[in-house]
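Participant: Structure provided below as structure tokens; questions to follow.
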Amino acid sequence: MFTDTHCHIYKEYYEDIDKLIEASNAKGIKKMINNGVDFKSNNEVLEIHKKYQNIYPALGFQPQNLETFEEKQLSQIEINAQKIVAIGEIGLDYYYEPYDKELQKKVFEKQMILAEKYNLPVIIHSRKATEDTIEIIKKYPSVKGVIHSFSGSLETANIYIKLGYKLGINGVLTFKNSNLYKVIEKIPIESILLETDSPYLTPEPHRGEKNNPSNIIFIAKKICEIKSVSLEELSKITEKNVNELFDI
Ligand SMILES: [Zn+2]
């Protein structure tokens, strides 16, 4: 039994959400954290939770989705603060040019302030922005969270862990060109959260297909192989990690 701590279950990606959720539940994925990225998807995440209590809502304004962002939209998080399990996904992305670094940092920081105010964990996206991400999260030491889709160095992993953050590990770990296994070898399982980032980042052997939460098993198996633990043992520890961070 595993929780998918990071997915994007929206109509835009999945024709039949009911079928997707049923299939995931049947394969032992009983809980999922559904991450919004902008005003529209945040609303959808809330709607889906009304129908499926085990698809938990996280609301956030993601750095690659700021074209439609207006500051007043942040009230969407405040109004729903008691209903959501995290603020996410939020963060910084300096990968695709052009990007507005100052706007990204401002929106990220405003959401860190809300996390502090409402005592909510954060789900952080950080790509090519490690230094700025660390600088900002250091300003909010009472806020805890996860660095989603972590694929950095061991040194960076240790900085995040020291700051009290967990690392979200997904299908990237199974990619043949990934060196992430070297980091996994050295960090404790207590710092790992499993995620799929569905519909993206489908693990091997299904790379190239659309991802879904039940593919989490391929990521889990890879970690078991690296850490020489059983699936049961991994499930026990990672589920405990989930409950440490999220009220689900
Ligand atoms: Zn995501």
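To be explicit about the labels: the chains of the structure tokens are called A, B, and onward in the order shown, and within each one the residues are counted from 1, while ligands get numbers from 1 in the order they are shown.
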If the limit is 9 Å from any atom of ligand 1, counting only C-alpha atoms and all ligand atoms, which residues qualify? Return them as number ranges by chain.
Facilitator: A: 6-8, 34-37, 62, 88-89, 123-125, 148-149, 196-200
Participant: Set the distance at 6 Å and use only C-alpha atoms: which residues neighbour stretch 150-167 of chain A once local chain neighbours fewer than 2 positions away are removed? I'd like the list as a ChimeraX atom specification.
Facilitator: /A:144-148,169,180,183,191-193
Participant: Got time to write the residues from that selection, N, CA and C atoms, as a compact mmCIF listing (two decimals), in the first residue's frame?
Facilitator:
# COMPACT_ATOMS: atom_id res chain seq x y z
N LYS A 144 7.24 23.22 6.89
CA LYS A 144 7.82 21.94 6.48
C LYS A 144 7.22 21.53 5.14
N GLY A 145 7.92 20.64 4.45
CA GLY A 145 7.38 20.25 3.16
C GLY A 145 8.21 19.22 2.45
N VAL A 146 7.94 19.15 1.15
CA VAL A 146 8.64 18.17 0.31
C VAL A 146 9.18 18.88 -0.93
N ILE A 147 10.38 18.49 -1.33
CA ILE A 147 10.94 18.95 -2.60
C ILE A 147 10.52 17.89 -3.61
N HIS A 148 9.47 18.24 -4.35
CA HIS A 148 8.87 17.29 -5.29
C HIS A 148 9.80 17.06 -6.48
N ILE A 169 10.32 11.37 -4.67
CA ILE A 169 11.02 10.57 -5.67
C ILE A 169 10.00 9.93 -6.61
N LEU A 180 20.20 9.29 -10.11
CA LEU A 180 19.52 9.53 -8.84
C LEU A 180 19.71 8.38 -7.85
N VAL A 183 22.12 8.95 -5.09
CA VAL A 183 21.64 9.76 -3.96
C VAL A 183 20.79 8.88 -3.04
N SER A 191 13.53 10.04 4.73
CA SER A 191 13.45 11.33 4.03
C SER A 191 12.76 11.24 2.68
N ILE A 192 12.26 10.06 2.35
CA ILE A 192 11.70 9.85 1.00
C ILE A 192 10.17 9.82 1.00
N LEU A 193 9.59 10.52 0.05
CA LEU A 193 8.16 10.37 -0.24
C LEU A 193 8.03 9.85 -1.67
Participant: Would you please work out which residue, of A:Gln64, A:Ser228, A:Ser142, A:Ser235, is nearest to A:Ile29 when using only C-alpha atoms?
Facilitator: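 Among the listed residues, the smallest separation from A:Ile29 belongs to A:Ser235.
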Participant: Could you give me, as a list in words, the residues within 9 Å of A:Met1, counting only C-alpha atoms and dropping anything in the same chain fewer than 5 positions from it?
Facilitator: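 My reading of the contact set: Lys27, Gly28, Ile29, Lys30, Leu231, Glu232, Ser235, Lys236 and Glu239 of chain A.
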Participant: Using atom CA of A:Glu97 and atom CA of A:Asp38 as the two end points, give the distance in Å to one decimal.
Facilitator: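 Atom-to-atom, atom CA of A:Glu97 to atom CA of A:Asp38, that is 19.6 Å.
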Participant: For A:Arg127, which residue among A:Ile113, A:Leu103, A:Ile48, A:Ile90 is the nearest when counting only C-alpha atoms?
Facilitator: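 Result for the nearest residue to A:Arg127: A:Ile90.
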Participant: Residues near A:Val85, anyone? I mean within 8 Å using only C-alpha atoms, not counting same-chain ones fewer than 4 positions away, as a compact mmCIF listing (two decimals) with all heavy atoms, in the first residue's frame.
Facilitator:
# COMPACT_ATOMS: atom_id res chain seq x y z
N TYR A 56 -6.77 13.78 -2.00
CA TYR A 56 -6.63 14.96 -1.15
C TYR A 56 -6.18 16.19 -1.94
O TYR A 56 -5.29 16.08 -2.79
CB TYR A 56 -5.65 14.67 -0.02
CG TYR A 56 -6.15 13.59 0.91
CD1 TYR A 56 -5.85 12.25 0.67
CD2 TYR A 56 -6.96 13.91 1.99
CE1 TYR A 56 -6.34 11.25 1.51
CE2 TYR A 56 -7.45 12.91 2.83
CZ TYR A 56 -7.14 11.59 2.58
OH TYR A 56 -7.62 10.61 3.40
N PRO A 57 -6.76 17.35 -1.62
CA PRO A 57 -6.43 18.55 -2.39
C PRO A 57 -5.23 19.34 -1.86
O PRO A 57 -5.12 19.58 -0.66
CB PRO A 57 -7.71 19.39 -2.28
CG PRO A 57 -8.34 18.97 -0.99
CD PRO A 57 -7.88 17.57 -0.68
N ALA A 58 -4.35 19.72 -2.78
CA ALA A 58 -3.29 20.69 -2.49
C ALA A 58 -3.48 21.81 -3.51
O ALA A 58 -3.66 21.54 -4.70
CB ALA A 58 -1.92 20.06 -2.65
N LEU A 120 0.40 24.96 7.18
CA LEU A 120 0.24 23.92 6.16
C LEU A 120 1.61 23.55 5.57
O LEU A 120 2.46 24.42 5.39
CB LEU A 120 -0.65 24.44 5.03
CG LEU A 120 -2.16 24.46 5.30
CD1 LEU A 120 -2.87 25.33 4.26
CD2 LEU A 120 -2.73 23.05 5.29
N PRO A 121 1.81 22.27 5.25
CA PRO A 121 3.06 21.90 4.57
C PRO A 121 3.05 22.39 3.11
O PRO A 121 1.98 22.68 2.56
CB PRO A 121 3.05 20.38 4.63
CG PRO A 121 1.63 19.98 4.78
CD PRO A 121 0.94 21.11 5.50
N PHE A 246 1.73 15.20 6.19
CA PHE A 246 0.37 15.56 5.76
C PHE A 246 -0.67 14.99 6.71
O PHE A 246 -0.54 13.85 7.16
CB PHE A 246 0.09 15.03 4.35
CG PHE A 246 1.07 15.48 3.31
CD1 PHE A 246 1.98 14.59 2.76
CD2 PHE A 246 1.09 16.81 2.88
CE1 PHE A 246 2.89 14.99 1.79
CE2 PHE A 246 2.00 17.22 1.91
CZ PHE A 246 2.91 16.32 1.35
N ASP A 247 -1.72 15.75 6.94
CA ASP A 247 -2.82 15.31 7.78
C ASP A 247 -3.82 14.57 6.90
O ASP A 247 -4.87 15.12 6.54
CB ASP A 247 -3.45 16.54 8.45
CG ASP A 247 -4.49 16.15 9.47
OD1 ASP A 247 -4.55 14.96 9.84
OD2 ASP A 247 -5.25 17.04 9.88
N ILE A 248 -3.47 13.34 6.52
CA ILE A 248 -4.38 12.58 5.64
C ILE A 248 -4.61 11.17 6.17
O ILE A 248 -3.87 10.70 6.99
CB ILE A 248 -3.89 12.50 4.16
CG1 ILE A 248 -2.62 11.63 4.00
CG2 ILE A 248 -3.67 13.87 3.60
CD1 ILE A 248 -2.23 11.38 2.55
Participant: Looking at A:Ala86, A:Ile137, A:Leu173, A:Ile9, which one is nearest to A:Asn211, with distances taken over only C-alpha atoms?
Facilitator: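 Nearest candidate to A:Asn211 out of A:Ala86, A:Ile137, A:Leu173, A:Ile9: A:Ile9.
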Participant: Any chance you could list, as a list in words, the residues in stretch 116-204 of chain A that come up strand (DSSP E or B) when DSSP is run on the backbone?
Facilitator: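 Going through stretch 116-204 of chain A, the strand (DSSP E or B) residues come out as Val122, Ile123, Ile124, His125, Ser126, Arg127, Gly145, Val146, Ile147, Lys166, Leu167, Gly168, Ile169, Ile192, Leu193, Leu194 and Ser198 of chain A.
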Participant: Please give the complete set of residues from stretch 202-247 of chain A that DSSP, run on the backbone, assigns to helix (DSSP H, G or I), formatted as a ChimeraX atom specification.
Facilitator: /A:213-227,231-245
Participant: How about saving the chosen residues, N, CA and C atoms kept, as a short mmCIF file (atom, residue, chain, number, x, y, z; two decimals), in the first residue's frame?
Facilitator:
data_model
loop_
_atom_site.label_atom_id
_atom_site.label_comp_id
_atom_site.auth_asym_id
_atom_site.auth_seq_id
_atom_site.Cartn_x
_atom_site.Cartn_y
_atom_site.Cartn_z
N PRO A 213 -1.33 6.89 -11.12
CA PRO A 213 -0.83 6.63 -9.76
C PRO A 213 -0.41 5.19 -9.47
N SER A 214 -1.01 4.21 -10.15
CA SER A 214 -0.64 2.82 -9.82
C SER A 214 0.78 2.48 -10.29
N ASN A 215 1.36 3.31 -11.15
CA ASN A 215 2.75 3.08 -11.56
C ASN A 215 3.74 3.34 -10.43
N ILE A 216 3.27 3.78 -9.31
CA ILE A 216 4.15 4.04 -8.16
C ILE A 216 4.90 2.77 -7.76
N ILE A 217 4.32 1.62 -8.07
CA ILE A 217 4.95 0.35 -7.71
C ILE A 217 6.34 0.19 -8.36
N PHE A 218 6.51 0.74 -9.56
CA PHE A 218 7.80 0.59 -10.26
C PHE A 218 8.88 1.44 -9.59
N ILE A 219 8.46 2.55 -9.02
CA ILE A 219 9.40 3.43 -8.29
C ILE A 219 9.74 2.76 -6.96
N ALA A 220 8.70 2.23 -6.31
CA ALA A 220 8.90 1.56 -5.03
C ALA A 220 9.85 0.37 -5.18
N LYS A 221 9.65 -0.43 -6.21
CA LYS A 221 10.50 -1.61 -6.43
C LYS A 221 11.96 -1.22 -6.64
N LYS A 222 12.14 -0.12 -7.35
CA LYS A 222 13.51 0.36 -7.60
C LYS A 222 14.18 0.77 -6.28
N ILE A 223 13.44 1.44 -5.44
CA ILE A 223 14.00 1.85 -4.15
C ILE A 223 14.31 0.62 -3.29
N CYS A 224 13.42 -0.36 -3.31
CA CYS A 224 13.65 -1.61 -2.56
C CYS A 224 14.96 -2.27 -3.00
N GLU A 225 15.18 -2.25 -4.31
CA GLU A 225 16.39 -2.85 -4.88
C GLU A 225 17.63 -2.11 -4.37
N ILE A 226 17.57 -0.79 -4.41
CA ILE A 226 18.73 0.02 -4.01
C ILE A 226 18.99 -0.09 -2.51
N LYS A 227 17.91 -0.09 -1.73
CA LYS A 227 18.07 -0.07 -0.27
C LYS A 227 18.02 -1.46 0.36
N LEU A 231 9.11 -4.64 -0.03
CA LEU A 231 8.05 -3.68 -0.35
C LEU A 231 7.25 -3.34 0.92
N GLU A 232 7.03 -4.34 1.76
CA GLU A 232 6.26 -4.12 3.00
C GLU A 232 6.98 -3.12 3.90
N GLU A 233 8.30 -3.34 4.01
CA GLU A 233 9.09 -2.47 4.86
C GLU A 233 9.12 -1.04 4.30
N LEU A 234 9.28 -0.94 2.98
CA LEU A 234 9.30 0.39 2.35
C LEU A 234 7.96 1.09 2.55
N SER A 235 6.89 0.34 2.36
CA SER A 235 5.55 0.90 2.52
C SER A 235 5.36 1.42 3.94
N LYS A 236 5.81 0.64 4.91
CA LYS A 236 5.64 1.02 6.31
C LYS A 236 6.34 2.35 6.59
N ILE A 237 7.57 2.47 6.14
CA ILE A 237 8.35 3.69 6.43
C ILE A 237 7.81 4.88 5.63
N THR A 238 7.56 4.68 4.33
CA THR A 238 7.14 5.84 3.54
C THR A 238 5.73 6.30 3.91
N GLU A 239 4.87 5.37 4.33
CA GLU A 239 3.54 5.79 4.78
C GLU A 239 3.64 6.60 6.08
N LYS A 240 4.59 6.20 6.92
CA LYS A 240 4.83 6.95 8.15
C LYS A 240 5.33 8.37 7.80
N ASN A 241 6.20 8.45 6.79
CA ASN A 241 6.71 9.75 6.33
C ASN A 241 5.56 10.64 5.86
N VAL A 242 4.63 10.03 5.11
CA VAL A 242 3.48 10.76 4.58
C VAL A 242 2.69 11.36 5.75
N ASN A 243 2.45 10.53 6.77
CA ASN A 243 1.64 10.99 7.90
C ASN A 243 2.34 12.00 8.78
N GLU A 244 3.65 11.98 8.76
CA GLU A 244 4.41 12.99 9.50
C GLU A 244 4.18 14.38 8.90
N LEU A 245 4.08 14.40 7.59
CA LEU A 245 4.00 15.69 6.89
C LEU A 245 2.56 16.15 6.61
#
Participant: What is the distance, in Å and to one decimal place, between atom CA of A:Asn43 and atom CA of A:Ile79?
Facilitator: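 A separation of 11.8 Å between them.
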Participant: Enter the distance from atom CA of A:Ile189 to atom CA of A:Phe2, in Å, rounded to one decimal.
Facilitator: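 Separation of atom CA of A:Ile189 and atom CA of A:Phe2: 14.0 Å.
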Participant: Taking into account only C-alpha atoms, which residue in the set A:Thr130, A:Gly60, A:Asp93, A:Ile33 is nearest to A:Lys110?
Facilitator: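 Of the candidates, the smallest distance to A:Lys110 is held by A:Gly60.
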Participant: So that I can see what lies close to A:Glu109, please list as a list of chain:residue names the residues with an atom at most 12 Å from it, counting only C-alpha atoms and leaving out residues fewer than 6 positions away in the same chain.
Facilitator: A:Gly60, A:Phe61, A:Gln62, A:Pro63, A:Leu74, A:Ile87, A:Ile90, A:Gly91, A:Leu92, A:Glu102, A:Leu103, A:Ala115, A:Glu116, A:Val122, A:Ile124, A:Asp132, A:Thr133, A:Ile134, A:Glu135, A:Ile136, A:Ile137, A:Lys138, A:Lys139, A:Tyr140, A:Val143
Participant: Keeping only C-alpha atoms, write the selected residues to a file as a PDB file, in the first residue's frame.
Facilitator:
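Below is the file selection-v1.pdb, written as the result:
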ATOM      1  CA  GLY A  60      -0.907  26.218  -5.416  1.00  0.00           C
ATOM      2  CA  PHE A  61       0.298  28.534  -8.129  1.00  0.00           C
ATOM      3  CA  GLN A  62       3.118  26.798  -9.957  1.00  0.00           C
ATOM      4  CA  PRO A  63       5.964  28.835 -11.530  1.00  0.00           C
ATOM      5  CA  LEU A  74      -4.155  33.837  -3.642  1.00  0.00           C
ATOM      6  CA  ILE A  87       0.049  24.348  -0.449  1.00  0.00           C
ATOM      7  CA  ILE A  90       4.660  26.077  -5.749  1.00  0.00           C
ATOM      8  CA  GLY A  91       8.263  27.020  -6.364  1.00  0.00           C
ATOM      9  CA  LEU A  92      10.732  28.183  -8.982  1.00  0.00           C
ATOM     10  CA  GLU A 102      11.244  38.179  -9.809  1.00  0.00           C
ATOM     11  CA  LEU A 103       7.580  37.285 -10.356  1.00  0.00           C
ATOM     12  CA  ALA A 115       1.862  28.120   4.647  1.00  0.00           C
ATOM     13  CA  GLU A 116       3.311  29.697   7.762  1.00  0.00           C
ATOM     14  CA  VAL A 122       4.350  22.919   1.131  1.00  0.00           C
ATOM     15  CA  ILE A 124       7.853  22.559  -3.859  1.00  0.00           C
ATOM     16  CA  ASP A 132      17.077  30.618  -4.766  1.00  0.00           C
ATOM     17  CA  THR A 133      14.807  27.846  -3.478  1.00  0.00           C
ATOM     18  CA  ILE A 134      17.072  27.224  -0.488  1.00  0.00           C
ATOM     19  CA  GLU A 135      17.370  30.952   0.188  1.00  0.00           C
ATOM     20  CA  ILE A 136      13.575  31.338   0.320  1.00  0.00           C
ATOM     21  CA  ILE A 137      12.739  28.233   2.360  1.00  0.00           C
ATOM     22  CA  LYS A 138      15.384  29.200   4.921  1.00  0.00           C
ATOM     23  CA  LYS A 139      13.359  32.353   5.638  1.00  0.00           C
ATOM     24  CA  TYR A 140      10.414  30.235   6.829  1.00  0.00           C
ATOM     25  CA  VAL A 143       7.263  25.591   7.355  1.00  0.00           C
TER      26      VAL A 143
END
